[in-house]
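input.tsv follows; it contains TSV, C-alpha atoms.
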chain	number	residue	atom	x	y	z
A	1	MET	CA	-39.52	46.11	-10.59
A	2	THR	CA	-36.89	47.06	-13.10
A	3	SER	CA	-34.70	48.44	-10.35
A	4	ARG	CA	-34.98	45.23	-8.36
A	5	THR	CA	-33.99	43.20	-11.40
A	6	SER	CA	-30.96	45.36	-11.99
A	7	LEU	CA	-30.03	45.21	-8.29
A	8	ASN	CA	-30.22	41.42	-8.43
A	9	SER	CA	-28.03	41.24	-11.48
A	10	LEU	CA	-25.56	43.67	-9.90
A	11	GLY	CA	-25.39	41.33	-6.90
A	12	ARG	CA	-24.77	38.37	-9.17
A	13	LEU	CA	-21.98	40.20	-10.97
A	14	LEU	CA	-20.23	41.58	-7.87
A	15	PRO	CA	-18.18	38.42	-7.21
A	16	TYR	CA	-16.64	38.65	-10.69
A	17	PHE	CA	-15.65	42.24	-9.99
A	18	LEU	CA	-13.94	41.22	-6.75
A	19	VAL	CA	-12.12	38.27	-8.36
A	20	GLY	CA	-11.04	40.65	-11.13
A	21	ILE	CA	-9.58	43.05	-8.55
A	22	GLY	CA	-7.62	40.16	-7.09
A	23	PHE	CA	-6.24	39.22	-10.50
A	24	GLY	CA	-5.38	42.84	-11.30
A	25	ILE	CA	-3.38	43.13	-8.07
A	26	VAL	CA	-1.56	39.82	-8.57
A	27	ALA	CA	-0.82	40.66	-12.23
A	28	THR	CA	0.63	44.05	-11.27
A	29	LYS	CA	2.60	42.86	-8.25
A	30	SER	CA	4.09	39.85	-10.05
A	31	GLN	CA	4.96	42.17	-12.99
A	32	ILE	CA	3.43	39.85	-15.60
A	33	ILE	CA	2.00	43.02	-17.14
A	34	SER	CA	5.50	44.32	-17.89
A	35	TRP	CA	6.74	44.33	-21.48
A	36	PHE	CA	10.25	43.71	-20.10
A	37	ARG	CA	9.16	40.51	-18.31
A	38	MET	CA	7.83	39.15	-21.63
A	39	GLN	CA	11.19	39.89	-23.23
A	40	GLU	CA	12.92	38.07	-20.37
A	41	MET	CA	10.60	35.10	-20.91
A	42	PHE	CA	11.00	34.91	-24.70
A	43	ARG	CA	14.78	35.13	-24.26
A	44	PHE	CA	14.78	32.34	-21.63
A	45	HIS	CA	16.68	34.56	-19.19
A	46	SER	CA	14.52	34.00	-16.12
A	47	PHE	CA	12.29	31.33	-14.62
A	48	HIS	CA	9.80	33.93	-13.27
A	49	MET	CA	7.15	33.79	-16.03
A	50	TYR	CA	7.53	30.05	-16.62
A	51	GLY	CA	7.17	29.39	-12.89
A	52	ILE	CA	3.99	31.48	-12.80
A	53	ILE	CA	2.42	29.86	-15.87
A	54	MET	CA	3.35	26.30	-14.88
A	55	SER	CA	2.32	26.55	-11.23
A	56	ALA	CA	-0.96	28.19	-12.29
A	57	ILE	CA	-1.66	25.27	-14.63
A	58	VAL	CA	-0.83	22.69	-11.92
A	59	VAL	CA	-3.17	24.36	-9.40
A	60	GLY	CA	-5.83	24.82	-12.10
A	61	ALA	CA	-5.57	21.20	-13.27
A	62	ILE	CA	-5.88	19.75	-9.76
A	63	SER	CA	-8.90	22.01	-9.14
A	64	VAL	CA	-10.62	21.07	-12.39
A	65	TRP	CA	-9.99	17.37	-11.71
A	66	LEU	CA	-11.56	17.69	-8.25
A	67	ILE	CA	-14.54	19.62	-9.62
A	68	LYS	CA	-15.17	16.92	-12.24
A	69	ARG	CA	-14.44	14.03	-9.88
A	70	PHE	CA	-17.00	15.20	-7.32
A	71	GLN	CA	-19.37	16.73	-9.93
A	72	LEU	CA	-19.49	19.96	-7.95
A	73	ARG	CA	-22.26	22.52	-8.44
A	74	HIS	CA	-21.74	26.26	-8.72
A	75	LEU	CA	-23.49	28.88	-6.59
A	76	GLY	CA	-26.35	28.96	-9.12
A	77	GLY	CA	-27.03	25.31	-8.28
A	78	GLU	CA	-26.15	23.62	-11.56
A	79	THR	CA	-23.45	21.01	-12.04
A	80	ILE	CA	-20.28	22.63	-13.35
A	81	ASN	CA	-19.63	21.80	-16.98
A	82	VAL	CA	-16.01	22.07	-18.11
A	83	SER	CA	-15.80	21.45	-21.82
A	84	PRO	CA	-13.87	22.90	-24.76
A	85	ARG	CA	-15.78	25.95	-25.90
A	86	VAL	CA	-14.04	26.38	-29.20
A	87	GLN	CA	-14.60	24.08	-32.18
A	88	GLY	CA	-12.33	23.72	-35.16
A	89	ALA	CA	-10.33	21.24	-37.26
A	90	GLY	CA	-7.04	22.54	-35.90
A	91	TYR	CA	-5.95	25.32	-38.24
A	92	ARG	CA	-7.36	28.01	-36.03
A	93	PHE	CA	-5.26	26.94	-33.05
A	94	GLY	CA	-1.95	26.77	-34.92
A	95	ILE	CA	-2.43	29.77	-37.22
A	96	GLY	CA	-4.50	31.91	-34.88
A	97	GLY	CA	-2.20	31.01	-32.00
A	98	SER	CA	0.90	32.07	-33.94
A	99	ILE	CA	-0.71	35.37	-34.99
A	100	PHE	CA	-1.61	36.02	-31.36
A	101	GLY	CA	1.96	35.13	-30.35
A	102	LEU	CA	3.45	37.65	-32.79
A	103	GLY	CA	1.33	40.36	-31.19
A	104	TRP	CA	2.14	39.13	-27.68
A	105	GLY	CA	5.88	39.28	-28.41
A	106	LEU	CA	5.74	42.75	-30.01
A	107	ALA	CA	3.32	44.47	-27.66
A	108	GLY	CA	4.46	42.50	-24.60
A	109	ALA	CA	0.92	42.20	-23.31
A	110	CYS	CA	-2.01	39.84	-23.69
A	111	PRO	CA	-5.62	40.90	-23.09
A	112	GLY	CA	-5.69	40.55	-19.27
A	113	PRO	CA	-2.57	42.68	-18.76
A	114	ILE	CA	-3.95	45.31	-21.17
A	115	PHE	CA	-6.76	46.02	-18.68
A	116	ALA	CA	-4.30	45.97	-15.75
A	117	LEU	CA	-1.92	48.33	-17.59
A	118	LEU	CA	-4.80	50.75	-18.12
A	119	GLY	CA	-5.44	50.65	-14.36
A	120	ASN	CA	-1.75	51.35	-13.79
A	121	GLY	CA	-2.16	54.52	-15.82
A	122	VAL	CA	-0.06	53.47	-18.82
A	123	ALA	CA	-1.35	55.78	-21.57
A	124	GLY	CA	-0.04	53.59	-24.41
A	125	ALA	CA	-2.36	50.81	-23.22
A	126	VAL	CA	-5.31	52.81	-24.56
A	127	VAL	CA	-3.79	52.46	-28.04
A	128	LEU	CA	-3.15	48.76	-27.38
A	129	LEU	CA	-6.80	48.23	-26.44
A	130	LEU	CA	-8.14	50.15	-29.46
A	131	SER	CA	-5.82	48.21	-31.81
A	132	ALA	CA	-6.89	44.92	-30.25
A	133	LEU	CA	-10.55	45.88	-30.75
A	134	LEU	CA	-9.80	46.70	-34.39
A	135	GLY	CA	-8.12	43.29	-34.72
A	136	THR	CA	-11.15	41.56	-33.21
A	137	TRP	CA	-13.49	43.36	-35.58
A	138	SER	CA	-11.26	42.48	-38.56
A	139	TYR	CA	-11.39	38.82	-37.56
A	140	ALA	CA	-15.18	39.03	-37.38
A	141	VAL	CA	-15.28	40.41	-40.93
A	142	LEU	CA	-12.75	37.94	-42.39
A	143	ARG	CA	-14.00	34.90	-40.44
A	144	PRO	CA	-16.00	33.36	-43.33
A	145	PHE	CA	-12.84	33.25	-45.46
A	146	LEU	CA	-10.43	31.78	-42.88
A	147	PRO	CA	-9.70	28.07	-42.38
A	148	HIS	CA	-10.74	26.84	-38.95
B	1	MET	CA	2.49	44.30	4.97
B	2	GLN	CA	6.15	44.02	4.00
B	3	ILE	CA	5.42	41.00	1.84
B	4	LEU	CA	2.50	42.80	0.16
B	5	LEU	CA	4.76	45.65	-0.89
B	6	ARG	CA	7.62	43.42	-1.97
B	7	GLU	CA	8.39	43.71	-5.64
B	8	PRO	CA	7.90	41.49	-7.52
B	9	TRP	CA	5.77	38.84	-5.84
B	10	PRO	CA	7.67	35.59	-6.41
B	11	TRP	CA	6.35	33.09	-8.97
B	12	TYR	CA	5.38	30.53	-6.32
B	13	VAL	CA	2.96	33.06	-4.79
B	14	ALA	CA	1.58	34.61	-7.99
B	15	GLY	CA	1.27	31.39	-10.05
B	16	PRO	CA	-0.89	29.40	-7.60
B	17	LEU	CA	-3.09	32.47	-6.97
B	18	ILE	CA	-3.68	32.79	-10.73
B	19	GLY	CA	-4.36	29.04	-10.93
B	20	LEU	CA	-7.03	29.43	-8.24
B	21	LEU	CA	-8.93	31.80	-10.55
B	22	VAL	CA	-9.96	28.72	-12.56
B	23	PRO	CA	-11.93	26.92	-9.79
B	24	THR	CA	-13.11	30.23	-8.26
B	25	LEU	CA	-14.87	31.32	-11.46
B	26	LEU	CA	-16.22	27.80	-12.04
B	27	LEU	CA	-17.60	27.60	-8.50
B	28	ILE	CA	-19.15	31.08	-8.56
B	29	GLY	CA	-21.13	30.58	-11.75
B	30	GLY	CA	-19.66	27.85	-13.93
B	31	LYS	CA	-17.59	30.43	-15.85
B	32	GLN	CA	-14.34	29.50	-17.58
B	33	PHE	CA	-11.40	31.82	-16.93
B	34	GLY	CA	-10.77	33.88	-20.05
B	35	ILE	CA	-10.40	37.53	-20.90
B	36	SER	CA	-10.09	38.10	-24.66
B	37	SER	CA	-13.82	37.44	-25.29
B	38	ASN	CA	-14.32	40.89	-23.77
B	39	LEU	CA	-12.90	42.39	-26.95
B	40	ARG	CA	-15.69	40.68	-28.91
B	41	HIS	CA	-18.33	41.77	-26.37
B	42	ILE	CA	-17.16	45.39	-26.60
B	43	CYS	CA	-17.25	45.29	-30.43
B	44	SER	CA	-20.72	43.75	-30.32
B	45	ALA	CA	-21.92	46.37	-27.83
B	46	VAL	CA	-20.63	49.50	-29.57
B	47	LEU	CA	-20.71	48.86	-33.33
B	48	PRO	CA	-23.85	49.98	-35.16
B	49	LYS	CA	-23.36	47.70	-38.17
B	50	LYS	CA	-22.00	44.25	-37.40
B	51	PRO	CA	-20.73	41.13	-39.21
B	52	ASP	CA	-22.46	37.85	-38.21
B	53	PHE	CA	-19.81	36.93	-35.66
B	54	LEU	CA	-20.73	39.99	-33.57
B	55	HIS	CA	-24.49	39.36	-33.68
B	56	TYR	CA	-25.35	37.76	-30.34
B	57	ASP	CA	-26.72	38.70	-26.93
B	58	TRP	CA	-23.51	40.15	-25.47
B	59	ARG	CA	-25.28	41.14	-22.26
B	60	ALA	CA	-26.35	37.56	-21.52
B	61	VAL	CA	-23.04	35.98	-22.53
B	62	GLY	CA	-20.55	38.64	-21.59
B	63	SER	CA	-21.73	40.71	-18.61
B	64	TRP	CA	-19.78	38.66	-16.09
B	65	ASN	CA	-16.65	38.84	-18.27
B	66	LEU	CA	-16.86	42.61	-18.76
B	67	VAL	CA	-17.33	43.12	-15.01
B	68	PHE	CA	-14.32	40.85	-14.45
B	69	ALA	CA	-12.26	43.05	-16.81
B	70	VAL	CA	-13.36	46.21	-14.97
B	71	GLY	CA	-12.16	44.44	-11.81
B	72	ILE	CA	-8.75	43.76	-13.39
B	73	PHE	CA	-8.50	47.45	-14.30
B	74	SER	CA	-9.43	48.41	-10.72
B	75	GLY	CA	-6.96	45.91	-9.25
B	76	GLY	CA	-4.22	47.40	-11.41
B	77	PHE	CA	-5.16	50.87	-10.18
B	78	LEU	CA	-5.22	49.81	-6.50
B	79	ALA	CA	-1.88	48.02	-6.78
B	80	SER	CA	-0.22	51.01	-8.45
B	81	GLN	CA	-1.62	53.53	-5.97
B	82	TRP	CA	-1.34	51.76	-2.62
B	83	LEU	CA	0.65	48.57	-2.96
B	84	GLY	CA	3.78	50.00	-4.54
B	85	GLY	CA	3.19	48.24	-7.84
B	86	GLY	CA	4.50	49.02	-11.28
B	87	THR	CA	7.28	51.33	-10.16
B	88	SER	CA	10.41	49.54	-11.28
B	89	VAL	CA	11.09	46.22	-12.90
B	90	GLN	CA	14.41	44.47	-12.37
B	91	VAL	CA	14.93	42.06	-15.25
B	92	ALA	CA	17.76	39.54	-15.62
B	93	ASP	CA	21.20	40.97	-16.48
B	94	ALA	CA	21.23	39.09	-19.79
B	95	THR	CA	17.90	40.66	-20.81
B	96	GLU	CA	19.13	44.09	-19.76
B	97	GLN	CA	22.25	43.72	-21.91
B	98	ALA	CA	20.35	42.32	-24.89
B	99	LEU	CA	17.79	45.14	-24.87
B	100	ALA	CA	20.42	47.84	-24.26
B	101	GLY	CA	22.29	46.33	-27.23
B	102	ILE	CA	19.38	47.02	-29.59
B	103	GLY	CA	18.85	50.55	-28.36
B	104	PHE	CA	16.59	50.46	-25.31
B	105	ASP	CA	17.41	52.79	-22.41
B	106	MET	CA	17.74	50.31	-19.54
B	107	THR	CA	18.73	52.81	-16.83
B	108	SER	CA	15.18	53.07	-15.51
B	109	VAL	CA	12.87	50.22	-16.39
B	110	GLY	CA	9.13	50.56	-15.79
B	111	LEU	CA	6.20	48.54	-17.06
B	112	VAL	CA	6.63	49.42	-20.73
B	113	PRO	CA	9.53	50.94	-22.73
B	114	SER	CA	9.08	54.60	-23.69
B	115	GLU	CA	10.93	53.83	-26.95
B	116	LEU	CA	7.77	52.03	-28.10
B	117	PHE	CA	4.90	53.23	-25.92
B	118	SER	CA	5.32	56.99	-25.45
B	119	LEU	CA	2.90	59.05	-27.51
B	120	GLY	CA	5.78	60.36	-29.62
B	121	SER	CA	7.08	56.84	-30.28
B	122	LEU	CA	3.71	55.59	-31.50
B	123	VAL	CA	4.16	57.52	-34.73
B	124	THR	CA	7.66	56.08	-35.34
B	125	VAL	CA	8.06	52.76	-37.16
B	126	PRO	CA	9.12	50.71	-34.08
B	127	GLY	CA	6.34	52.13	-31.87
B	128	PHE	CA	3.67	51.78	-34.55
B	129	VAL	CA	4.61	48.18	-35.37
B	130	ALA	CA	5.00	47.04	-31.75
B	131	VAL	CA	1.99	48.75	-30.20
B	132	VAL	CA	-0.54	49.42	-32.98
B	133	ILE	CA	0.13	46.36	-35.16
B	134	GLY	CA	1.08	44.23	-32.13
B	135	GLY	CA	-2.20	45.12	-30.42
B	136	PHE	CA	-4.10	44.42	-33.64
B	137	LEU	CA	-2.53	40.94	-33.90
B	138	VAL	CA	-3.35	40.22	-30.24
B	139	GLY	CA	-7.02	40.99	-30.89
B	140	PHE	CA	-7.17	39.22	-34.26
B	141	GLY	CA	-5.21	36.16	-33.16
B	142	ALA	CA	-7.00	35.70	-29.86
B	143	ARG	CA	-10.40	35.47	-31.55
B	144	TYR	CA	-9.07	33.35	-34.43
B	145	ALA	CA	-7.46	30.91	-31.96
B	146	GLY	CA	-10.55	31.07	-29.74
B	147	GLY	CA	-8.75	32.29	-26.64
B	148	CYS	CA	-5.67	34.01	-25.26
B	149	THR	CA	-3.15	33.23	-22.56
B	150	SER	CA	-5.85	32.95	-19.89
B	151	GLY	CA	-8.36	30.97	-21.95
B	152	HIS	CA	-5.95	28.54	-23.61
B	153	ALA	CA	-2.73	28.47	-21.54
B	154	ILE	CA	-4.36	28.53	-18.09
B	155	SER	CA	-8.01	27.37	-18.50
B	156	GLY	CA	-7.53	25.04	-21.46
B	157	LEU	CA	-4.36	23.37	-20.21
B	158	SER	CA	-5.90	23.01	-16.73
B	159	ASP	CA	-8.52	20.87	-18.47
B	160	LEU	CA	-5.78	19.06	-20.46
B	161	GLN	CA	-7.29	20.06	-23.80
B	162	PRO	CA	-5.02	19.14	-26.76
B	163	THR	CA	-6.31	22.02	-28.91
B	164	SER	CA	-5.24	24.47	-26.21
B	165	LEU	CA	-1.76	22.94	-26.21
B	166	LEU	CA	-1.58	23.50	-29.96
B	167	ALA	CA	-2.65	27.12	-29.45
B	168	VAL	CA	-0.02	27.64	-26.72
B	169	VAL	CA	2.72	26.22	-28.98
B	170	GLY	CA	1.56	28.80	-31.54
B	171	PHE	CA	1.65	31.58	-28.91
B	172	PHE	CA	5.29	30.80	-28.13
B	173	ALA	CA	6.31	30.29	-31.76
B	174	GLY	CA	4.92	33.73	-32.60
B	175	GLY	CA	6.42	35.36	-29.50
B	176	LEU	CA	9.88	33.90	-30.14
B	177	PHE	CA	9.82	35.08	-33.76
B	178	ALA	CA	8.69	38.58	-32.71
B	179	THR	CA	11.40	38.80	-30.03
B	180	HIS	CA	14.37	37.36	-31.90
B	181	VAL	CA	13.67	38.35	-35.50
B	182	ILE	CA	11.23	41.27	-35.77
B	183	LEU	CA	12.23	43.39	-32.76
B	184	PRO	CA	15.97	43.62	-33.63
B	185	LEU	CA	15.01	44.63	-37.21
B	186	LEU	CA	12.61	47.26	-35.90
B	187	MET	CA	15.17	48.82	-33.59
B	188	PHE	CA	17.95	48.78	-36.17

Give the structure from the file, written as structure tokens.
Amino acid sequence: MTSRTSLNSLGRLLPYFLVGIGFGIVATKSQIISWFRMQEMFRFHSFHMYGIIMSAIVVGAISVWLIKRFQLRHLGGETINVSPRVQGAGYRFGIGGSIFGLGWGLAGACPGPIFALLGNGVAGAVVLLLSALLGTWSYAVLRPFLPH
Amino acid sequence: MQILLREPWPWYVAGPLIGLLVPTLLLIGGKQFGISSNLRHICSAVLPKKPDFLHYDWRAVGSWNLVFAVGIFSGGFLASQWLGGGTSVQVADATEQALAGIGFDMTSVGLVPSELFSLGSLVTVPGFVAVVIGGFLVGFGARYAGGCTSGHAISGLSDLQPTSLLAVVGFFAGGLFATHVILPLLMF
């Protein structure tokens, strides 16, 4: 019985693995995982990154609008609920966002690309991941003292 | 096949494909595209003694997200092995000159600069600040802001959420400061 349960859950998780593979390939082939591309973006020297981010948002926004408009259900059968997951007065977005941005500019990678860089065999990405985990843990510890 | 191997994939191919991740994950299981929560799930899974924020059922909440991240890793591996990915990056001339001007070797450009990311560089001031402290700020800031580039810039803005716009303005403010103020000082 236990093995059947775990087989079922493996089957449920498989689509996310496949979608992840797709993202990993696109991220690598479009070079959004490159530190140098981030530098190019933050120096406004190329349209590449802006084109990717903006066209992704346009496609995403049209999709989300259609999903809401027709109240579509997901494969599990429930109506899809798109709502802000994160609550806060506003501080967390401005302050937390800027802290994230400092790291993004220095390390040249955000969390998705860190996993793709690891797959590309970039040894330094192991250090990036461990530091990011340490940062996450530090936030968890300091959370009660931070304005949100 | 030619187009698959072409480097890099142009923005008008990559951007829409990334945008399609949003409805794909919603339609599969009502999941919102985001990656940085994995860092929290991993902390919750491995730490023996945890602050409140890491006390939750990470298997129930995060299994799909962790499997997604393993997929991203695998996709990166496949692309580098068989699709000619990650070999060389041709940035704009202006970027090349600017980075060469502050001491980066721009004769062969890969995914990351060895001046910061090689194991020897990690113990120098520039490498330590960029990779170790930079990575720390990515993890800290993503959880503080409640999302990263995927969760706020792509998912949140796709849903026209004002708080995500505020977060994205913060992302760029921080990135611009790091690029134009901190990096030149580090490499001096």

Can you tell me, as a short mmCIF file (atom, residue, chain, number, x, y, z; two decimals) with C-alpha atoms, in the coordinates of the input, which residues sit within 10 Å of (-6.1, 43.4, -11.4) in the file's frame, using all atoms listed in the file?
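Writing done, so here's result_33.cif:
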data_model
loop_
_atom_site.label_atom_id
_atom_site.label_comp_id
_atom_site.auth_asym_id
_atom_site.auth_seq_id
_atom_site.Cartn_x
_atom_site.Cartn_y
_atom_site.Cartn_z
CA PHE A 17 -15.65 42.24 -9.99
CA LEU A 18 -13.94 41.22 -6.75
CA VAL A 19 -12.12 38.27 -8.36
CA GLY A 20 -11.04 40.65 -11.13
CA ILE A 21 -9.58 43.05 -8.55
CA GLY A 22 -7.62 40.16 -7.09
CA PHE A 23 -6.24 39.22 -10.50
CA GLY A 24 -5.38 42.84 -11.30
CA ILE A 25 -3.38 43.13 -8.07
CA VAL A 26 -1.56 39.82 -8.57
CA ALA A 27 -0.82 40.66 -12.23
CA THR A 28 0.63 44.05 -11.27
CA LYS A 29 2.60 42.86 -8.25
CA ILE A 33 2.00 43.02 -17.14
CA GLY A 112 -5.69 40.55 -19.27
CA PRO A 113 -2.57 42.68 -18.76
CA PHE A 115 -6.76 46.02 -18.68
CA ALA A 116 -4.30 45.97 -15.75
CA LEU A 117 -1.92 48.33 -17.59
CA GLY A 119 -5.44 50.65 -14.36
CA ASN A 120 -1.75 51.35 -13.79
CA PHE B 68 -14.32 40.85 -14.45
CA ALA B 69 -12.26 43.05 -16.81
CA VAL B 70 -13.36 46.21 -14.97
CA GLY B 71 -12.16 44.44 -11.81
CA ILE B 72 -8.75 43.76 -13.39
CA PHE B 73 -8.50 47.45 -14.30
CA SER B 74 -9.43 48.41 -10.72
CA GLY B 75 -6.96 45.91 -9.25
CA GLY B 76 -4.22 47.40 -11.41
CA PHE B 77 -5.16 50.87 -10.18
CA LEU B 78 -5.22 49.81 -6.50
CA ALA B 79 -1.88 48.02 -6.78
#

Determine, counting all atoms listed in the file, which protein, DNA and RNA residues have an atom within 12 Å of an atom of Ile114 of chain A; residues of the same chain fewer than 2 positions away are not included. Present the result as a ChimeraX atom specification.
/A:24,27-28,32-35,104,107-112,116-133 /B:35-36,38-39,69-70,72-73,76,111-112,131,135,138-139

Find the residue from B:Gly147, B:Gly156, B:Pro184, B:Gly175 that sits nearest to Gly19 of chain B; use all atoms listed in the file when measuring.
B:Gly156

For atom CA of Glu78 of chain A and atom CA of Leu66 of chain B, quote the distance in Å rounded to one decimal.
22.3 Å

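The residue set within 12 Å of Ala94 of chain B, counting all atoms listed in the file and dropping same-chain residues fewer than 4 places from it, reads A:Phe36, A:Gln39, A:Glu40, A:Met41, A:Arg43, A:Phe44, A:His45, A:Ser46, B:Gln90, B:Ala98, B:Leu99, B:Ala100, B:Gly101, B:Met106.
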
Report as AutoDock Vina command-line options the centre and the edge lengths, in Å to one decimal, of the axis-aligned box holding every listed atom of segment 36-50 of chain A, padded by 4 Å on each side.
--center_x 11.9 --center_y 36.9 --center_z -19.0 --size_x 17.5 --size_y 21.7 --size_z 19.4

Polymer residues at most 9 Å from Val89 of chain B, only C-alpha atoms, same-chain spacing of 3 or more positions, as an NGL selection string:
(:A and (31 or 34 or 36-37)) or (:B and (7-8 or 86 or 108-111))

Could those selected residues go to a file with C-alpha atoms, as a JSON list (two decimals), in the frame of the given file?
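In the end it all went to result22.json:
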[["chain", "number", "residue", "atom", "x", "y", "z"],
["A", 31, "GLN", "CA", 4.96, 42.17, -12.99],
["A", 34, "SER", "CA", 5.50, 44.32, -17.89],
["A", 36, "PHE", "CA", 10.25, 43.71, -20.10],
["A", 37, "ARG", "CA", 9.16, 40.51, -18.31],
["B", 7, "GLU", "CA", 8.39, 43.71, -5.64],
["B", 8, "PRO", "CA", 7.90, 41.49, -7.52],
["B", 86, "GLY", "CA", 4.50, 49.02, -11.28],
["B", 108, "SER", "CA", 15.18, 53.07, -15.51],
["B", 109, "VAL", "CA", 12.87, 50.22, -16.39],
["B", 110, "GLY", "CA", 9.13, 50.56, -15.79],
["B", 111, "LEU", "CA", 6.20, 48.54, -17.06]]

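The spacing separating atom CA of His180 of chain B from atom CA of His152 of chain B amounts to 23.7 Å.
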
Which neighbours of segment 55-70 of chain A fall inside 12 Å, counting all atoms listed in the file, when residues of the same chain fewer than 4 positions from it are skipped, and could you give them as a ChimeraX atom specification?
/A:47-51,74,79-83 /B:10-27,30,32-33,149-161,165
